[in-house]
Amino acid sequence: MINMANISLNPFQALFAPTPELKRKLKMAHIGIEPKRFIRRSLTLSAYLAIGISAIIFFAFARQSGGLPMLSLYSFPFVFLGSYAFMMKTPDVYILRRRKDIDKNIVFATRYLILKMDSGQPLLNSMISASRSYGIGGKFFQEIVDEVQLGKPIEQALEEAHRSTTSRLFQLVLRQILNALRTGID
């Protein structure tokens, strides 16, 4: 049975409400703000852009007679909604850029990690070493090392990194490390 008291009659509330998907995307993109604040920022920037473009259209056509200045009023909602949709896609752009960075450099950092572990270093020391040695690829290992150094168990830090990474290659590497840790392999 559907409870009618929980259904919102405002269609704009659904359009501008934070979703769990947005929260996940912001975390994956490493955008450090909460979803409500991100939506508020997107709405504000979209309003500024729509007002600015509408003003430009108004003043461009103000010299001409007729209904052309009214075009600025008609263009406002389209510019506003279009720019809002564009602003809401920024986490997707950051996710794609991050995925490309990880995929480009993770192979070398992983080889270095395996080499260090084969030489007898423990996993955490190998990750610290890999995070310092490889620039962009090591940055992702550094995030895991930072979590562990803040007191989180290494297995939990690896699981969270596995869930929040954008790269399938890095997920495979982390899954193999997690499986090795769970089975007790050094």
# chains A, B, ... in the order shown; residues from 1 in each chain; ligands from 1
$ closest_atom_pairs --of "stretch 21-87 of chain A" --to "stretch 166-178 of chain A" --cutoff "10 Å" --atoms "only C-alpha atoms" --output "Markdown table"
| residue | atom | partner | partner_atom | distance |
| --- | --- | --- | --- | --- |
| A:Lys25 | CA | A:Thr166 | CA | 9.6 |
| A:Met28 | CA | A:Thr166 | CA | 6.5 |
| A:Ala29 | CA | A:Thr166 | CA | 8.2 |
$ residues_around --residues "A:Ser131" --least-positions-apart "3" --cutoff "10 Å" --atoms "only C-alpha atoms" --output "number ranges by chain"
A: 109, 112-113, 125-128, 134-145
$ atom_distance --atom1 "atom CA of A:Ile57" --atom2 "atom CA of A:Tyr74"
10.4 Å
$ closest_residue --among "A:Tyr84, A:Tyr94, A:Phe61, A:Phe76" --to "A:His30" --atoms "only C-alpha atoms"
A:Tyr94
$ select_by_dssp --residues "chain A" --states "alpha helix (DSSP H)" --output "PyMOL selection string"
chain A and resi 11-15+20-28+35-61+70-88+90-118+123-133+135-149+154-164+168-183
$ atom_distance --atom1 "atom CA of A:Phe38" --atom2 "atom CA of A:Asp146"
25.6 Å
$ residues_around --residues "stretch 44-50 of chain A" --least-positions-apart "4" --cutoff "12 Å" --atoms "only C-alpha atoms" --output "JSON list (two decimals) with C-alpha atoms, in the first residue's frame"
[["chain", "number", "residue", "atom", "x", "y", "z"],
["A", 16, "PHE", "CA", 16.91, 19.17, -7.04],
["A", 37, "ARG", "CA", 25.95, 21.76, -0.81],
["A", 38, "PHE", "CA", 26.96, 20.56, -4.29],
["A", 39, "ILE", "CA", 23.37, 20.91, -5.53],
["A", 40, "ARG", "CA", 23.06, 24.35, -3.94],
["A", 54, "SER", "CA", 19.28, 36.43, -20.52],
["A", 55, "ALA", "CA", 20.62, 39.94, -19.87],
["A", 56, "ILE", "CA", 22.94, 39.67, -22.86],
["A", 57, "ILE", "CA", 20.05, 38.54, -25.07],
["A", 58, "PHE", "CA", 17.85, 41.34, -23.73],
["A", 72, "SER", "CA", 15.36, 36.78, -22.94],
["A", 73, "LEU", "CA", 12.48, 35.82, -20.63],
["A", 74, "TYR", "CA", 11.77, 32.73, -22.69],
["A", 75, "SER", "CA", 15.42, 31.73, -22.79],
["A", 76, "PHE", "CA", 15.94, 31.93, -19.02],
["A", 77, "PRO", "CA", 14.38, 28.54, -18.06],
["A", 78, "PHE", "CA", 16.14, 26.73, -20.89],
["A", 79, "VAL", "CA", 19.53, 28.20, -20.06],
["A", 80, "PHE", "CA", 18.96, 27.55, -16.35],
["A", 81, "LEU", "CA", 17.99, 23.89, -16.78],
["A", 82, "GLY", "CA", 20.69, 23.27, -19.37],
["A", 83, "SER", "CA", 23.43, 24.75, -17.24],
["A", 84, "TYR", "CA", 22.14, 22.90, -14.16],
["A", 85, "ALA", "CA", 22.28, 19.59, -16.05],
["A", 86, "PHE", "CA", 25.78, 20.49, -17.20],
["A", 87, "MET", "CA", 26.92, 21.32, -13.65],
["A", 88, "MET", "CA", 25.49, 18.08, -12.31]]
$ residues_around --residues "A:Val148" --least-positions-apart "5" --cutoff "8 Å" --atoms "only C-alpha atoms" --output "list of chain:residue names"
A:Pro153, A:Ile154, A:Ala157
